[in-house]
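Trainee: To be precise about what I am sending: the file is called entry.tsv and holds TSV, C-alpha atoms and all ligand atoms.
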```
chain	number	residue	atom	x	y	z
A	6	MET	CA	25.06	-44.84	53.53
A	7	SER	CA	26.49	-42.23	51.22
A	8	LEU	CA	25.07	-38.70	51.18
A	9	ILE	CA	25.84	-36.29	48.36
A	10	LYS	CA	25.14	-32.57	48.21
A	11	THR	CA	24.59	-31.20	44.72
A	12	GLU	CA	23.20	-28.13	42.99
A	13	ALA	CA	20.68	-29.12	40.32
A	14	ILE	CA	17.82	-28.01	38.06
A	15	VAL	CA	14.63	-30.08	37.72
A	16	LEU	CA	14.27	-31.03	34.03
A	17	LYS	CA	11.10	-33.04	34.51
A	18	HIS	CA	9.20	-35.19	36.97
A	19	MET	CA	7.05	-38.30	36.90
A	20	ASP	CA	4.39	-39.19	39.46
A	21	TYR	CA	5.26	-42.30	41.38
A	22	LEU	CA	3.04	-44.34	43.72
A	23	GLU	CA	0.54	-42.34	45.76
A	24	ALA	CA	2.41	-39.16	46.61
A	25	ASP	CA	5.98	-39.42	45.36
A	26	ARG	CA	7.71	-37.93	42.38
A	27	ILE	CA	10.71	-39.16	40.47
A	28	LEU	CA	12.75	-36.17	39.41
A	29	VAL	CA	15.05	-35.93	36.42
A	30	LEU	CA	17.71	-33.56	37.73
A	31	PHE	CA	20.47	-31.81	35.81
A	32	SER	CA	23.11	-31.73	38.50
A	33	LYS	CA	26.06	-29.39	38.25
A	34	GLU	CA	28.37	-31.98	39.74
A	35	LEU	CA	26.82	-35.26	38.52
A	36	GLY	CA	25.23	-34.62	35.12
A	37	LYS	CA	21.75	-36.05	34.61
A	38	ILE	CA	20.42	-38.12	37.50
A	39	HIS	CA	17.11	-39.56	38.67
A	40	ALA	CA	16.02	-38.95	42.24
A	41	ILE	CA	12.88	-39.81	44.17
A	42	ALA	CA	11.29	-37.08	46.27
A	43	LYS	CA	9.10	-39.02	48.65
A	44	GLY	CA	5.75	-37.49	49.53
A	45	SER	CA	6.47	-34.47	47.34
A	46	ARG	CA	2.94	-34.38	45.87
A	47	ARG	CA	1.41	-33.80	49.29
A	48	PRO	CA	0.40	-30.15	49.71
A	49	LYS	CA	2.41	-29.74	52.88
A	50	SER	CA	5.48	-31.63	51.70
A	51	ARG	CA	8.80	-29.93	52.36
A	52	PHE	CA	9.84	-31.12	48.87
A	53	LEU	CA	6.78	-29.66	47.09
A	54	MET	CA	8.60	-26.70	45.50
A	55	ALA	CA	11.92	-28.50	45.10
A	56	SER	CA	10.23	-31.03	42.81
A	57	GLU	CA	8.76	-28.48	40.38
A	58	ILE	CA	10.11	-28.22	36.84
A	59	PHE	CA	12.85	-25.56	36.29
A	60	VAL	CA	13.47	-25.05	40.03
A	61	SER	CA	17.12	-24.89	40.94
A	62	ALA	CA	18.10	-26.04	44.41
A	63	ASP	CA	20.79	-27.59	46.53
A	64	TYR	CA	19.78	-31.19	47.08
A	65	MET	CA	21.07	-33.56	49.69
A	66	LEU	CA	20.82	-37.00	48.12
A	67	TYR	CA	21.18	-40.50	49.39
A	68	GLU	CA	22.65	-42.73	46.71
A	69	GLY	CA	20.62	-45.91	46.32
A	70	LYS	CA	21.15	-48.82	43.99
A	71	ASN	CA	19.19	-47.48	41.00
A	72	LEU	CA	17.94	-44.14	42.20
A	73	TYR	CA	18.94	-41.25	44.42
A	74	THR	CA	16.61	-40.24	47.25
A	75	VAL	CA	16.15	-36.58	48.14
A	76	THR	CA	16.70	-36.17	51.88
A	77	GLN	CA	16.92	-32.36	52.05
A	78	SER	CA	16.55	-29.47	49.66
A	79	GLU	CA	17.27	-25.78	49.75
A	80	ILE	CA	15.69	-23.73	46.95
A	81	LYS	CA	18.00	-21.38	45.09
A	82	CYS	CA	15.56	-20.09	42.44
A	83	THR	CA	11.95	-20.94	41.54
A	84	PHE	CA	11.86	-18.79	38.34
A	85	PHE	CA	8.53	-17.43	39.55
A	86	GLU	CA	8.34	-14.75	36.79
A	87	LEU	CA	8.92	-17.39	34.11
A	88	ARG	CA	5.87	-19.31	35.34
A	89	GLN	CA	3.64	-16.27	34.69
A	90	ASN	CA	4.52	-16.09	30.99
A	91	MET	CA	3.04	-18.87	28.85
A	92	ASN	CA	5.10	-18.00	25.78
A	93	ASN	CA	8.44	-18.02	27.61
A	94	LEU	CA	7.37	-21.12	29.53
A	95	ALA	CA	7.03	-23.03	26.24
A	96	TYR	CA	10.59	-22.06	25.28
A	97	ALA	CA	11.86	-23.04	28.75
A	98	ALA	CA	10.14	-26.43	28.42
A	99	TYR	CA	11.86	-26.93	25.08
A	100	ALA	CA	15.25	-26.05	26.66
A	101	ALA	CA	14.68	-28.50	29.55
A	102	ASN	CA	13.57	-31.24	27.14
A	103	LEU	CA	16.61	-30.71	24.95
A	104	CYS	CA	18.89	-31.00	28.00
A	105	ASP	CA	17.06	-34.15	29.07
A	106	ALA	CA	17.62	-35.59	25.59
A	107	VAL	CA	21.33	-34.78	25.24
A	108	ILE	CA	22.87	-34.69	28.71
A	109	GLN	CA	24.23	-38.09	29.66
A	110	ASP	CA	23.49	-39.85	32.93
A	111	GLU	CA	26.14	-39.19	35.57
A	112	GLU	CA	28.37	-37.20	33.18
A	113	PRO	CA	28.90	-33.66	34.49
A	114	ASN	CA	28.78	-30.84	31.95
A	115	ILE	CA	29.23	-27.62	33.89
A	116	ARG	CA	29.15	-25.35	30.83
A	117	ALA	CA	25.81	-26.85	29.74
A	118	TYR	CA	24.53	-26.53	33.32
A	119	TYR	CA	25.31	-22.81	33.48
A	120	LEU	CA	23.91	-22.37	29.98
A	121	LEU	CA	20.54	-23.79	31.06
A	122	LEU	CA	20.55	-21.85	34.34
A	123	LYS	CA	21.30	-18.57	32.59
A	124	THR	CA	18.74	-19.31	29.84
A	125	LEU	CA	16.03	-19.83	32.48
A	126	GLN	CA	17.06	-16.52	34.09
A	127	PHE	CA	16.83	-14.69	30.75
A	128	LEU	CA	13.45	-16.31	30.00
A	129	SER	CA	12.20	-14.96	33.34
A	130	GLU	CA	12.57	-11.41	32.05
A	131	PRO	CA	9.29	-10.16	30.56
A	132	ASP	CA	10.74	-8.20	27.61
A	133	ILE	CA	13.30	-10.75	26.51
A	134	ASP	CA	13.22	-12.22	22.98
A	135	ALA	CA	12.47	-15.78	24.14
A	136	SER	CA	12.83	-17.23	20.66
A	137	ALA	CA	16.31	-15.72	20.17
A	138	ILE	CA	17.51	-16.75	23.66
A	139	THR	CA	16.33	-20.33	23.21
A	140	LEU	CA	17.82	-20.56	19.73
A	141	ILE	CA	21.20	-19.37	21.05
A	142	PHE	CA	20.82	-21.86	23.91
A	143	ALA	CA	20.23	-24.75	21.48
A	144	ILE	CA	23.21	-23.87	19.26
A	145	LYS	CA	25.56	-23.43	22.23
A	146	LEU	CA	24.28	-26.62	23.86
A	147	MET	CA	25.11	-28.61	20.72
A	148	ASP	CA	28.65	-27.18	20.89
A	149	PHE	CA	28.98	-27.99	24.61
A	150	ILE	CA	28.06	-31.64	24.05
A	151	GLY	CA	30.55	-32.05	21.21
A	152	TYR	CA	28.52	-31.16	18.12
A	153	ARG	CA	30.02	-27.81	17.14
A	154	PRO	CA	28.92	-26.87	13.61
A	155	LEU	CA	31.77	-26.66	11.10
A	156	LEU	CA	31.69	-23.25	9.42
A	157	ASP	CA	35.08	-22.56	7.84
A	158	GLN	CA	35.47	-25.59	5.61
A	159	CYS	CA	33.28	-28.11	3.81
A	160	CYS	CA	32.25	-30.69	6.40
A	161	ASN	CA	32.14	-33.38	3.70
A	162	CYS	CA	35.37	-32.99	1.68
A	163	GLY	CA	37.29	-30.52	3.86
A	164	LYS	CA	37.66	-27.86	1.16
A	165	ASN	CA	38.71	-24.47	2.60
A	166	ASP	CA	37.99	-20.98	1.33
A	167	ILE	CA	34.27	-21.38	0.97
A	168	ASP	CA	32.70	-18.09	0.04
A	169	GLY	CA	30.15	-16.66	-2.31
A	170	SER	CA	26.81	-14.95	-2.10
A	171	ILE	CA	25.06	-18.31	-1.59
A	172	LEU	CA	26.43	-20.80	0.92
A	173	TYR	CA	25.12	-24.24	1.75
A	174	PHE	CA	24.47	-25.59	5.23
A	175	SER	CA	23.70	-29.23	5.88
A	176	PRO	CA	22.12	-29.93	9.28
A	177	ILE	CA	22.76	-33.67	9.00
A	178	SER	CA	26.40	-33.32	7.86
A	179	GLY	CA	26.96	-30.75	10.61
A	180	GLY	CA	27.99	-27.54	8.85
A	181	VAL	CA	28.72	-25.86	5.54
A	182	LEU	CA	29.19	-27.75	2.28
A	183	CYS	CA	31.14	-26.65	-0.79
A	184	GLU	CA	29.20	-26.21	-4.01
A	185	ASP	CA	30.21	-29.65	-5.34
A	186	CYS	CA	29.23	-31.53	-2.17
A	187	ALA	CA	26.01	-29.52	-1.88
A	188	ALA	CA	25.02	-30.56	-5.41
A	189	SER	CA	25.04	-34.22	-4.43
A	190	SER	CA	23.39	-33.80	-1.00
A	191	ASP	CA	19.63	-33.80	-0.40
A	192	ASP	CA	19.98	-32.14	3.01
A	193	VAL	CA	21.06	-28.63	2.15
A	194	THR	CA	19.71	-25.21	3.00
A	195	ALA	CA	20.97	-22.24	1.00
A	196	VAL	CA	22.08	-19.55	3.43
A	197	ASN	CA	23.90	-16.24	3.20
A	198	GLN	CA	27.08	-15.03	4.89
A	199	GLY	CA	24.97	-13.30	7.56
A	200	PHE	CA	23.61	-16.68	8.65
A	201	ILE	CA	27.12	-18.14	8.96
A	202	ASN	CA	28.43	-15.05	10.75
A	203	THR	CA	25.54	-15.21	13.23
A	204	VAL	CA	26.17	-18.89	14.06
A	205	SER	CA	29.88	-18.14	14.43
A	206	HIS	CA	29.11	-15.21	16.74
A	207	ILE	CA	26.72	-17.35	18.83
A	208	LEU	CA	29.39	-20.03	19.25
A	209	SER	CA	31.96	-17.54	20.51
A	210	MET	CA	29.75	-15.27	22.64
A	211	ARG	CA	29.77	-15.48	26.42
A	212	ILE	CA	26.68	-16.97	28.03
A	213	SER	CA	26.10	-13.75	29.96
A	214	ASP	CA	25.91	-11.83	26.65
A	215	MET	CA	23.23	-14.01	25.04
A	216	TYR	CA	20.56	-11.34	25.41
A	217	ARG	CA	22.56	-8.81	23.38
A	218	LEU	CA	22.19	-10.45	19.98
A	219	LYS	CA	19.41	-8.93	17.88
A	220	MET	CA	18.18	-10.94	14.90
A	221	SER	CA	15.56	-10.29	12.25
A	222	ASP	CA	12.50	-12.56	12.26
A	223	ALA	CA	13.56	-13.98	8.88
A	224	LEU	CA	17.01	-14.94	10.19
A	225	LYS	CA	15.56	-16.45	13.37
A	226	LYS	CA	13.09	-18.48	11.31
A	227	GLN	CA	15.86	-19.87	9.11
A	228	LEU	CA	18.12	-20.60	12.12
A	229	TRP	CA	15.29	-22.43	13.90
A	230	ASP	CA	14.51	-24.41	10.77
A	231	VAL	CA	18.15	-25.47	10.30
A	232	PHE	CA	18.97	-26.08	13.95
A	233	ASN	CA	15.78	-28.01	14.68
A	234	ARG	CA	17.01	-30.46	12.05
A	235	TYR	CA	20.57	-30.21	13.36
A	236	THR	CA	19.55	-31.17	16.92
A	237	LEU	CA	16.97	-33.79	15.96
A	238	SER	CA	19.48	-35.63	13.77
A	239	ARG	CA	21.86	-35.89	16.74
A	240	ILE	CA	19.54	-37.18	19.46
A	241	ASP	CA	17.74	-40.46	19.63
A	242	LYS	CA	14.77	-39.18	21.63
A	243	HIS	CA	11.73	-37.52	20.20
A	244	ILE	CA	11.29	-33.93	21.21
A	245	VAL	CA	8.84	-31.49	19.72
A	246	PRO	CA	10.70	-29.04	17.46
A	247	MET	CA	10.46	-25.36	18.33
A	248	LYS	CA	9.22	-22.65	16.00
A	249	LEU	CA	9.93	-18.93	15.86
B	1	ZN	ZN	32.92	-30.41	-0.22
```
How would this structure read if it were set down as structure tokens?
Mentor:
Amino acid sequence: MSLIKTEAIVLKHMDYLEADRILVLFSKELGKIHAIAKGSRRPKSRFLMASEIFVSADYMLYEGKNLYTVTQSEIKCTFFELRQNMNNLAYAAYAANLCDAVIQDEEPNIRAYYLLLKTLQFLSEPDIDASAITLIFAIKLMDFIGYRPLLDQCCNCGKNDIDGSILYFSPISGGVLCEDCAASSDDVTAVNQGFINTVSHILSMRISDMYRLKMSDALKKQLWDVFNRYTLSRIDKHIVPMKL
């Protein structure tokens, strides 16, 4: 019998049999895993809280053939304040769903793990700009899983020195296009240099500084529009796109 201790965040759960739950965990050490928390839907279960969405905990797991079994849990954070705020909760659900869609089974991604953990912490603060935080989360997550947008050259022909008052960004191609490539593409959004500079800044900023970036509503709206298409074209699961 092999027992594993891991720190993880609950991305979602499914009811199973009479009183169990199957948890989709984002584990710091193991990547995405599925674990059964037996009896966790009973009101007095010791796993009741540890099987709630967004909770982060240390889990002691028994590795079965197809599924891990939770044998012990020690809560690290319940994100209680987040649960009181319906608006921020919707953004947190989007973040968890996006992780569920892009994080691979049993492939650790520690940067993405800390990104989600920190995003949930920021979304627990009442005065935070939840839309901006979640947008930054989504752009950084794409980078951390290997889909970093290309900003300094045309992602179709490789042409350098792209500048001008109007620039072209193609969510499906994965970055900026030169004028010639943009003319023959039907997936282009005209953007300005401020848009490109903001994406570049988001890619290089530290996770702990995510809350510092202030964006206008117009810029956030355009970033959401572009990056909803950017993420959806790179995942094979359906998730509901987020709006400003
Ligand atoms: Zn080009």
Trainee: Mind giving me the straight-line distance from atom CA of Tyr73 of chain A to atom CA of Asp20 of chain A in Å, one decimal?
Mentor: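 Taking atom CA of Tyr73 of chain A and atom CA of Asp20 of chain A, their separation equals 15.5 Å.
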Trainee: So that I can check the surroundings of Leu156 of chain A, please list as a PyMOL selection string every protein, DNA and RNA residue that reaches within 6 Å of it, counting all atoms listed in the file and ignoring chain neighbours fewer than 2 positions away.
Mentor: chain A and resi 158+180-181
Trainee: If we count only C-alpha atoms, what is near segment 182-192 of chain A at a cut-off of 8 Å, once residues fewer than 2 positions away on the same chain are taken out, given as number ranges by chain?
Mentor: A: 158-162, 164, 167, 172-177, 180, 194
Trainee: Keeping only C-alpha atoms, take the residues you just selected and write them out as a short mmCIF file (atom, residue, chain, number, x, y, z; two decimals), in the coordinates of the input.
Mentor:
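Just written: result-v2.cif:
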```
data_model
loop_
_atom_site.label_atom_id
_atom_site.label_comp_id
_atom_site.auth_asym_id
_atom_site.auth_seq_id
_atom_site.Cartn_x
_atom_site.Cartn_y
_atom_site.Cartn_z
CA GLN A 158 35.47 -25.59 5.61
CA CYS A 159 33.28 -28.11 3.81
CA CYS A 160 32.25 -30.69 6.40
CA ASN A 161 32.14 -33.38 3.70
CA CYS A 162 35.37 -32.99 1.68
CA LYS A 164 37.66 -27.86 1.16
CA ILE A 167 34.27 -21.38 0.97
CA LEU A 172 26.43 -20.80 0.92
CA TYR A 173 25.12 -24.24 1.75
CA PHE A 174 24.47 -25.59 5.23
CA SER A 175 23.70 -29.23 5.88
CA PRO A 176 22.12 -29.93 9.28
CA ILE A 177 22.76 -33.67 9.00
CA GLY A 180 27.99 -27.54 8.85
CA THR A 194 19.71 -25.21 3.00
#
```
Trainee: Nearest to Ala98 of chain A among A:Gly163, A:Pro246, A:Pro131, A:Gly179, with distances taken over only C-alpha atoms: which residue is it?
Mentor: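 Nearest to Ala98 of chain A: A:Pro246.
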Trainee: Using all atoms listed in the file and a cutoff of 7 Å, can you tell me which residues are near (5.8, -33.8, 46.0) in the file's coordinates, and write them out as JSON, numbers by chain?
Mentor: {"A": [24, 25, 26, 42, 43, 44, 45, 46, 47, 50, 52, 53, 56]}
Trainee: Tell me, in Å to one decimal, how far atom CA of Gln227 of chain A is from atom CA of Tyr118 of chain A.
Mentor: 26.6 Å
Trainee: With distances taken over all atoms listed in the file, which residue among A:Ile201, A:Leu140, A:Leu155, A:Met215 lies nearest ligand ZN 1 (chain B)?
Mentor: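 Of A:Ile201, A:Leu140, A:Leu155, A:Met215, the one nearest ligand ZN 1 (chain B), counting all atoms listed in the file, is A:Leu155.
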Trainee: Using all atoms listed in the file, which of A:Glu34, A:Asp105, A:Asp166, A:Glu12 sits nearest ligand ZN 1 (chain B)?
Mentor: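 Using all atoms listed in the file, ligand ZN 1 (chain B) sits closest to A:Asp166.
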Trainee: Please determine, counting only C-alpha atoms and all ligand atoms, which residue among A:Ile38, A:Ile207, A:Lys226, A:Asp157 has the shortest atom-to-atom distance to ligand ZN 1 (chain B).
Mentor: A:Asp157
Trainee: Starting from the sparse input, extend segment 153-178 of chain A to N, CA and C atoms and give the output as a PDB file, in the coordinates of the input.
Mentor:
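Output saved as rebuild_20.pdb:
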```pdb
ATOM      1  N   ARG A 153      29.832 -29.192  17.601  1.00  0.00           N
ATOM      2  CA  ARG A 153      30.020 -27.810  17.140  1.00  0.00           C
ATOM      3  C   ARG A 153      29.903 -27.768  15.616  1.00  0.00           C
ATOM      4  N   PRO A 154      29.036 -26.933  15.069  1.00  0.00           N
ATOM      5  CA  PRO A 154      28.920 -26.870  13.610  1.00  0.00           C
ATOM      6  C   PRO A 154      30.235 -26.426  12.970  1.00  0.00           C
ATOM      7  N   LEU A 155      30.562 -27.012  11.832  1.00  0.00           N
ATOM      8  CA  LEU A 155      31.770 -26.660  11.100  1.00  0.00           C
ATOM      9  C   LEU A 155      31.420 -25.557  10.100  1.00  0.00           C
ATOM     10  N   LEU A 156      32.083 -24.409  10.225  1.00  0.00           N
ATOM     11  CA  LEU A 156      31.690 -23.250   9.420  1.00  0.00           C
ATOM     12  C   LEU A 156      32.754 -22.773   8.452  1.00  0.00           C
ATOM     13  N   ASP A 157      34.009 -23.144   8.652  1.00  0.00           N
ATOM     14  CA  ASP A 157      35.080 -22.560   7.840  1.00  0.00           C
ATOM     15  C   ASP A 157      35.635 -23.502   6.784  1.00  0.00           C
ATOM     16  N   GLN A 158      35.088 -24.695   6.695  1.00  0.00           N
ATOM     17  CA  GLN A 158      35.470 -25.590   5.610  1.00  0.00           C
ATOM     18  C   GLN A 158      34.330 -26.556   5.332  1.00  0.00           C
ATOM     19  N   CYS A 159      34.355 -27.180   4.164  1.00  0.00           N
ATOM     20  CA  CYS A 159      33.280 -28.110   3.810  1.00  0.00           C
ATOM     21  C   CYS A 159      33.330 -29.312   4.753  1.00  0.00           C
ATOM     22  N   CYS A 160      32.217 -29.612   5.410  1.00  0.00           N
ATOM     23  CA  CYS A 160      32.250 -30.690   6.400  1.00  0.00           C
ATOM     24  C   CYS A 160      32.182 -32.067   5.738  1.00  0.00           C
ATOM     25  N   ASN A 161      32.100 -32.093   4.414  1.00  0.00           N
ATOM     26  CA  ASN A 161      32.140 -33.380   3.700  1.00  0.00           C
ATOM     27  C   ASN A 161      33.526 -33.676   3.133  1.00  0.00           C
ATOM     28  N   CYS A 162      34.077 -32.728   2.337  1.00  0.00           N
ATOM     29  CA  CYS A 162      35.370 -32.990   1.680  1.00  0.00           C
ATOM     30  C   CYS A 162      36.525 -32.213   2.297  1.00  0.00           C
ATOM     31  N   GLY A 163      36.224 -31.265   3.182  1.00  0.00           N
ATOM     32  CA  GLY A 163      37.290 -30.520   3.860  1.00  0.00           C
ATOM     33  C   GLY A 163      37.801 -29.305   3.104  1.00  0.00           C
ATOM     34  N   LYS A 164      37.189 -29.007   1.959  1.00  0.00           N
ATOM     35  CA  LYS A 164      37.660 -27.860   1.160  1.00  0.00           C
ATOM     36  C   LYS A 164      37.570 -26.551   1.977  1.00  0.00           C
ATOM     37  N   ASN A 165      38.666 -25.776   1.910  1.00  0.00           N
ATOM     38  CA  ASN A 165      38.710 -24.470   2.600  1.00  0.00           C
ATOM     39  C   ASN A 165      38.196 -23.378   1.676  1.00  0.00           C
ATOM     40  N   ASP A 166      38.316 -22.169   2.140  1.00  0.00           N
ATOM     41  CA  ASP A 166      37.990 -20.980   1.330  1.00  0.00           C
ATOM     42  C   ASP A 166      36.609 -21.056   0.702  1.00  0.00           C
ATOM     43  N   ILE A 167      35.623 -21.364   1.506  1.00  0.00           N
ATOM     44  CA  ILE A 167      34.270 -21.380   0.970  1.00  0.00           C
ATOM     45  C   ILE A 167      33.687 -19.982   1.100  1.00  0.00           C
ATOM     46  N   ASP A 168      33.393 -19.375  -0.027  1.00  0.00           N
ATOM     47  CA  ASP A 168      32.700 -18.090   0.040  1.00  0.00           C
ATOM     48  C   ASP A 168      31.780 -17.961  -1.166  1.00  0.00           C
ATOM     49  N   GLY A 169      31.113 -16.868  -1.237  1.00  0.00           N
ATOM     50  CA  GLY A 169      30.150 -16.660  -2.310  1.00  0.00           C
ATOM     51  C   GLY A 169      28.903 -16.054  -1.738  1.00  0.00           C
ATOM     52  N   SER A 170      28.022 -15.602  -2.616  1.00  0.00           N
ATOM     53  CA  SER A 170      26.810 -14.950  -2.100  1.00  0.00           C
ATOM     54  C   SER A 170      25.834 -16.000  -1.576  1.00  0.00           C
ATOM     55  N   ILE A 171      25.900 -17.234  -2.124  1.00  0.00           N
ATOM     56  CA  ILE A 171      25.060 -18.310  -1.590  1.00  0.00           C
ATOM     57  C   ILE A 171      25.979 -19.379  -0.979  1.00  0.00           C
ATOM     58  N   LEU A 172      25.669 -19.745   0.238  1.00  0.00           N
ATOM     59  CA  LEU A 172      26.430 -20.800   0.920  1.00  0.00           C
ATOM     60  C   LEU A 172      25.451 -21.921   1.237  1.00  0.00           C
ATOM     61  N   TYR A 173      25.984 -23.082   1.516  1.00  0.00           N
ATOM     62  CA  TYR A 173      25.120 -24.240   1.750  1.00  0.00           C
ATOM     63  C   TYR A 173      25.396 -24.827   3.121  1.00  0.00           C
ATOM     64  N   PHE A 174      24.328 -25.026   3.887  1.00  0.00           N
ATOM     65  CA  PHE A 174      24.470 -25.590   5.230  1.00  0.00           C
ATOM     66  C   PHE A 174      23.700 -26.899   5.291  1.00  0.00           C
ATOM     67  N   SER A 175      24.357 -27.935   5.756  1.00  0.00           N
ATOM     68  CA  SER A 175      23.700 -29.230   5.880  1.00  0.00           C
ATOM     69  C   SER A 175      23.551 -29.608   7.351  1.00  0.00           C
ATOM     70  N   PRO A 176      22.320 -29.582   7.869  1.00  0.00           N
ATOM     71  CA  PRO A 176      22.120 -29.930   9.280  1.00  0.00           C
ATOM     72  C   PRO A 176      22.612 -31.342   9.611  1.00  0.00           C
ATOM     73  N   ILE A 177      22.386 -32.279   8.704  1.00  0.00           N
ATOM     74  CA  ILE A 177      22.760 -33.670   9.000  1.00  0.00           C
ATOM     75  C   ILE A 177      24.279 -33.849   8.940  1.00  0.00           C
ATOM     76  N   SER A 178      24.936 -33.220   7.939  1.00  0.00           N
ATOM     77  CA  SER A 178      26.400 -33.320   7.860  1.00  0.00           C
ATOM     78  C   SER A 178      27.081 -32.519   8.966  1.00  0.00           C
TER      79      SER A 178
END
```
